[in-house]
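Q: First the structure, which I've put down as structure tokens, then a few questions once you've had a look.
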Number of protein chains: 2
Amino acid sequence: MTEYDTVPAAVDDEEEIPGDHPRYQDLLTRHRIEEGVKKGITHLQGMHAEGRGSAFDYLIGEETIESADEAARVAAATLLLAETPVLSVNGNVAALVPAETVALAEAVDADIEINLFNRTPERMAAIEAHLKQHGATEVRGLEADASIPGLEHARGTVDADGIYAADVVVVPLEDGDRAEALGRMGKTEIVIDLNPLSRSPQVADVPIVDNVIRAVPNITAHARELENASAEKLQAIVEDFDAAGALTDAERRIRQGELE
Amino acid sequence: MTEYDTVPAAVDDEEEIPGDHPRYQDLLTRHRIEEGVKKGITHLQGMHAEGRGSAFDYLIGEETIESADEAARVAAATLLLAETPVLSVNGNVAALVPAETVALAEAVDADIEINLFNRTPERMAAIEAHLKQHGATEVRGLEADASIPGLEHARGTVDADGIYAADVVVVPLEDGDRAEALGRMGKTEIVIDLNPLSRSPQVADVPIVDNVIRAVPNITAHARELENASAEKLQAIVEDFDAAGALTDAERRIRQGELE
């Protein structure tokens, strides 16, 4: 028996979701994505992608597994060592973790750049406003004066002094083509994705197999804990990381994990 | 490496999806659900539920596994033996398999009844029109003159001479509370659901762990093959079925199945 499907279909405000509900996180995620679609922030396909992620999260056990926590710590070290880190935000990330993204950007001194698979001026503006409501002061992605080589127009559009020039990019919930193209540009990529078998985490330098709702604040917490660490220590954390091992561990958890 | 995420975000018409695309079925499903939302047939939450199903389907291998095929045959036998079978249709079923549902209803002489978790007159009318466009002559669910005991108003609303009086109900993609309440009414339930751990398939007499896009036509094919079978033979098929074994088999496939 499982609580998997015993959730109310919808609430009007996230405050209405009981904090002790056994599926609180899933309800919160679903509610935020639905609000995102209604506000014009999230594409309809984002609702589908979120549902897909929720199934993987369910199989993982809806918690941050140890290898994902380690990857989040490596991500924090990588970001603290970076010269020009950028956090890429799409419609799902904006809907799910707007304040959490702003907090991470502040903790590691990164820029925030909007990048959409289905780019329209209306969605770009809606997401910019939403991020600013959640504390962002500067939001990149609207200049759109550079392109990632090898991607057709809209998906490859970036800011010349943003993602195009970045040494480290955090691309949560990224599509595989774009993750590969950013890799070919020589960028260090941190990917957050609940499916360890999809291409984006497989091409990432630091794949974090976790729900963005947990992973983004977790990277921030690690960054705060590491903020006074030496460059040597940060470098050692990065070098010790086994990306392939983290993916294998997450797949094992999905395949063989025990459900209560 | 996987093709999981290498799909275009959207097409305008399902004819545009290449038939030989390795993820054809997933693309088709996603497109139909998105169209359903746009037409007012499918609730936004349906897009999320479809995404969740798509992850389970991916782990199953996006094919009808042997135990699901056997369950579809048992469902066909059960429907052929029924006195007053009803196929329950919600917003996802209407969007995904409208013509296939009409074909199954004809093959087993069943009624079709719309039943929505989020019931509004507009959605009821949109789904009725959509089913009629796909060949349905009579669609139940609009009388709404009876209730399933133990469910609050809208979710429990049914037709007195439809689901309320039915001996066998096919409830694809059903929520757990409603599946349990129908079971308490003594109905024989056939559930189609991609998550073998969710409550609906667990309380079903005949759980089919398969994508509705494959399962509904598959039940129809079995029904046509069995249409001249004796009642004794049909009864034997039903009695031989091991529902718990089918669920265990599907879970094993999800947990340990090999991906190419």
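Residues are named by chain letter and number: chains run A, B, ... in the order of the structure tokens, numbers start at 1 in each chain, and ligands are numbered from 1 in the order shown.
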Taking only C-alpha atoms into account, what are the residues of chain A at most 6 Å from chain B, put as a list in words?

A: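 Matching residues, ligands excluded from the count: Tyr4, Met47, His48, Ala49, Gly51, Arg52, Ala55, Ser198, Arg255 and Gln256 of chain A.
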
Q: Next, the residues of the selection above should be written as a PDB file, in the first residue's frame with N, CA and C atoms.

A:
```pdb
ATOM      1  N   TYR A   4       1.034   7.046  -2.660  1.00  0.00           N
ATOM      2  CA  TYR A   4       1.397   7.689  -3.920  1.00  0.00           C
ATOM      3  C   TYR A   4       0.287   8.536  -4.524  1.00  0.00           C
ATOM      4  N   MET A  47       4.957  20.923 -17.191  1.00  0.00           N
ATOM      5  CA  MET A  47       4.088  20.172 -16.274  1.00  0.00           C
ATOM      6  C   MET A  47       4.315  18.672 -16.494  1.00  0.00           C
ATOM      7  N   HIS A  48       4.478  18.312 -17.755  1.00  0.00           N
ATOM      8  CA  HIS A  48       4.743  16.905 -18.096  1.00  0.00           C
ATOM      9  C   HIS A  48       6.106  16.484 -17.561  1.00  0.00           C
ATOM     10  N   ALA A  49       7.103  17.322 -17.775  1.00  0.00           N
ATOM     11  CA  ALA A  49       8.468  17.006 -17.317  1.00  0.00           C
ATOM     12  C   ALA A  49       8.502  16.867 -15.800  1.00  0.00           C
ATOM     13  N   GLY A  51       6.030  15.914 -13.919  1.00  0.00           N
ATOM     14  CA  GLY A  51       5.399  14.640 -13.570  1.00  0.00           C
ATOM     15  C   GLY A  51       6.368  13.485 -13.733  1.00  0.00           C
ATOM     16  N   ARG A  52       7.145  13.538 -14.811  1.00  0.00           N
ATOM     17  CA  ARG A  52       8.154  12.506 -15.069  1.00  0.00           C
ATOM     18  C   ARG A  52       9.166  12.492 -13.933  1.00  0.00           C
ATOM     19  N   ALA A  55       7.937  10.853 -10.695  1.00  0.00           N
ATOM     20  CA  ALA A  55       7.966   9.383 -10.645  1.00  0.00           C
ATOM     21  C   ALA A  55       9.362   8.893 -10.255  1.00  0.00           C
ATOM     22  N   SER A 198      19.293   9.979 -18.206  1.00  0.00           N
ATOM     23  CA  SER A 198      19.118  10.937 -19.295  1.00  0.00           C
ATOM     24  C   SER A 198      20.462  11.584 -19.628  1.00  0.00           C
ATOM     25  N   ARG A 255      16.393   1.432  -9.136  1.00  0.00           N
ATOM     26  CA  ARG A 255      16.084   0.064  -9.543  1.00  0.00           C
ATOM     27  C   ARG A 255      15.816  -0.868  -8.381  1.00  0.00           C
ATOM     28  N   GLN A 256      16.600  -0.703  -7.323  1.00  0.00           N
ATOM     29  CA  GLN A 256      16.513  -1.700  -6.256  1.00  0.00           C
ATOM     30  C   GLN A 256      16.099  -1.143  -4.908  1.00  0.00           C
TER      31      GLN A 256
END
```

Q: List every residue of range 112-257 of chain B that DSSP, applied to the backbone, labels as strand (DSSP E or B), and write the result as a VMD selection string.

A: chain B and resid 112 to 114 140 146 to 147 157 to 158 168 to 172 188 to 192 206 to 208

Q: Do you know which residues are at most 7 Å from Ala68 in chain A counting only C-alpha atoms, after dropping those on the same chain fewer than 6 positions away, and could you put them as JSON, numbers by chain?

A: {"A": [208, 209, 210]}

Q: Write out as a list in words which residues come within 7 Å of Ile219 in chain B when counting only C-alpha atoms, dropping same-chain ones fewer than 3 positions away.

A: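 Near Ile219 in chain B, the qualifying residues are Ala72, Arg73, Ala75, Ala76, Ala215, Val216, His222 and Ala223 of chain B.
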
Q: Next, dump the selected residues to file, keeping only N, CA, C and O atoms, as a compact mmCIF listing (two decimals), in the first residue's frame.

A:
```
# COMPACT_ATOMS: atom_id res chain seq x y z
N ALA B 72 -4.72 -8.06 -20.02
CA ALA B 72 -5.63 -7.49 -21.03
C ALA B 72 -6.58 -8.57 -21.56
O ALA B 72 -7.75 -8.32 -21.83
N ARG B 73 -6.06 -9.81 -21.68
CA ARG B 73 -6.91 -10.92 -22.15
C ARG B 73 -7.97 -11.25 -21.08
O ARG B 73 -9.14 -11.49 -21.41
N ALA B 75 -9.12 -9.12 -18.93
CA ALA B 75 -10.06 -8.00 -18.97
C ALA B 75 -11.09 -8.21 -20.08
O ALA B 75 -12.29 -7.99 -19.89
N ALA B 76 -10.61 -8.67 -21.24
CA ALA B 76 -11.53 -8.93 -22.37
C ALA B 76 -12.54 -10.01 -21.99
O ALA B 76 -13.75 -9.85 -22.21
N ALA B 215 -2.82 -0.46 -24.06
CA ALA B 215 -3.69 -1.42 -23.37
C ALA B 215 -5.11 -1.44 -23.93
O ALA B 215 -5.69 -2.53 -24.11
N VAL B 216 -5.68 -0.27 -24.20
CA VAL B 216 -7.08 -0.26 -24.64
C VAL B 216 -7.25 -1.01 -25.97
O VAL B 216 -8.08 -1.92 -26.07
N HIS B 222 -8.05 -8.70 -27.97
CA HIS B 222 -8.35 -9.95 -27.27
C HIS B 222 -9.85 -10.24 -27.29
O HIS B 222 -10.26 -11.39 -27.43
N ALA B 223 -10.66 -9.20 -27.12
CA ALA B 223 -12.11 -9.40 -27.12
C ALA B 223 -12.58 -9.93 -28.48
O ALA B 223 -13.44 -10.81 -28.55
```

Q: Hey, which of B:Gly135, B:Val168, B:Ile163, B:Asp12 ends up closest to Val97 in chain B? Count only C-alpha atoms.

A: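 Result for the nearest residue to Val97 in chain B: B:Gly135.
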
Q: Any chance you could list, as a ChimeraX atom specification, the residues in range 69-258 of chain A that come up alpha helix (DSSP H) when DSSP is run on the backbone?

A: /A:69-81,91-96,98-108,121-133,153-156,176-184,199-203,212-225,231-240,243-256

Q: Tell me which protein, DNA and RNA residues are within 6 Å of Val158 in chain A, counting only C-alpha atoms, leaving out same-chain ones fewer than 6 positions away, and put them as a PDB file with N, CA, C and O atoms, in the first residue's frame.

A:
```pdb
ATOM      1  N   GLY A 141      19.959  37.191 -19.827  1.00  0.00           N
ATOM      2  CA  GLY A 141      19.281  36.353 -20.801  1.00  0.00           C
ATOM      3  C   GLY A 141      18.444  37.158 -21.778  1.00  0.00           C
ATOM      4  O   GLY A 141      18.015  36.653 -22.811  1.00  0.00           O
ATOM      5  N   ALA A 144      20.571  38.533 -25.241  1.00  0.00           N
ATOM      6  CA  ALA A 144      20.479  37.553 -26.320  1.00  0.00           C
ATOM      7  C   ALA A 144      21.405  37.911 -27.471  1.00  0.00           C
ATOM      8  O   ALA A 144      21.026  37.865 -28.643  1.00  0.00           O
ATOM      9  N   ALA A 146      24.452  36.474 -28.106  1.00  0.00           N
ATOM     10  CA  ALA A 146      25.418  35.429 -28.450  1.00  0.00           C
ATOM     11  C   ALA A 146      24.673  34.108 -28.633  1.00  0.00           C
ATOM     12  O   ALA A 146      23.501  33.991 -28.249  1.00  0.00           O
ATOM     13  N   SER A 147      25.364  33.137 -29.226  1.00  0.00           N
ATOM     14  CA  SER A 147      24.732  31.840 -29.462  1.00  0.00           C
ATOM     15  C   SER A 147      25.661  30.707 -29.072  1.00  0.00           C
ATOM     16  O   SER A 147      26.869  30.786 -29.267  1.00  0.00           O
TER      17      SER A 147
END
```

Q: List as a tab-separated table (two decimals) with C-alpha atoms, in the first residue's frame the protein and nucleic acid residues near range 124-126 of chain B, meaning an atom at most 9 Å away when only C-alpha atoms are counted, but skip any in the same chain fewer than 2 places from it.

A:
```tsv
chain	number	residue	atom	x	y	z
B	39	LYS	CA	-9.12	21.98	-25.83
B	40	GLY	CA	-10.36	22.05	-22.23
B	41	ILE	CA	-10.70	18.26	-22.12
B	91	GLY	CA	-9.82	13.86	-19.19
B	114	ILE	CA	-17.46	10.39	-18.39
B	115	ASN	CA	-16.28	10.74	-14.82
B	116	LEU	CA	-14.00	13.57	-13.77
B	119	ARG	CA	-15.76	18.11	-12.76
B	120	THR	CA	-17.05	21.24	-14.50
B	121	PRO	CA	-19.95	21.50	-16.96
B	122	GLU	CA	-17.53	22.88	-19.59
B	128	GLU	CA	-18.72	14.48	-24.70
B	129	ALA	CA	-18.20	16.38	-27.97
B	130	HIS	CA	-14.67	14.94	-28.35
B	131	LEU	CA	-15.89	11.36	-27.86
B	141	GLY	CA	-22.16	10.73	-17.10
B	142	LEU	CA	-24.20	13.85	-17.73
```

Q: Can you tell me how far CA of Gly61 in chain A sits from CA of Val93 in chain B, in Å to one decimal?

A: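 Between these atoms lies a distance of 28.4 Å.
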
Q: Which is closest to Arg178 in chain B among B:Glu143, B:Asp193, B:Asp13, B:Glu152, if we use only C-alpha atoms?

A: B:Glu152
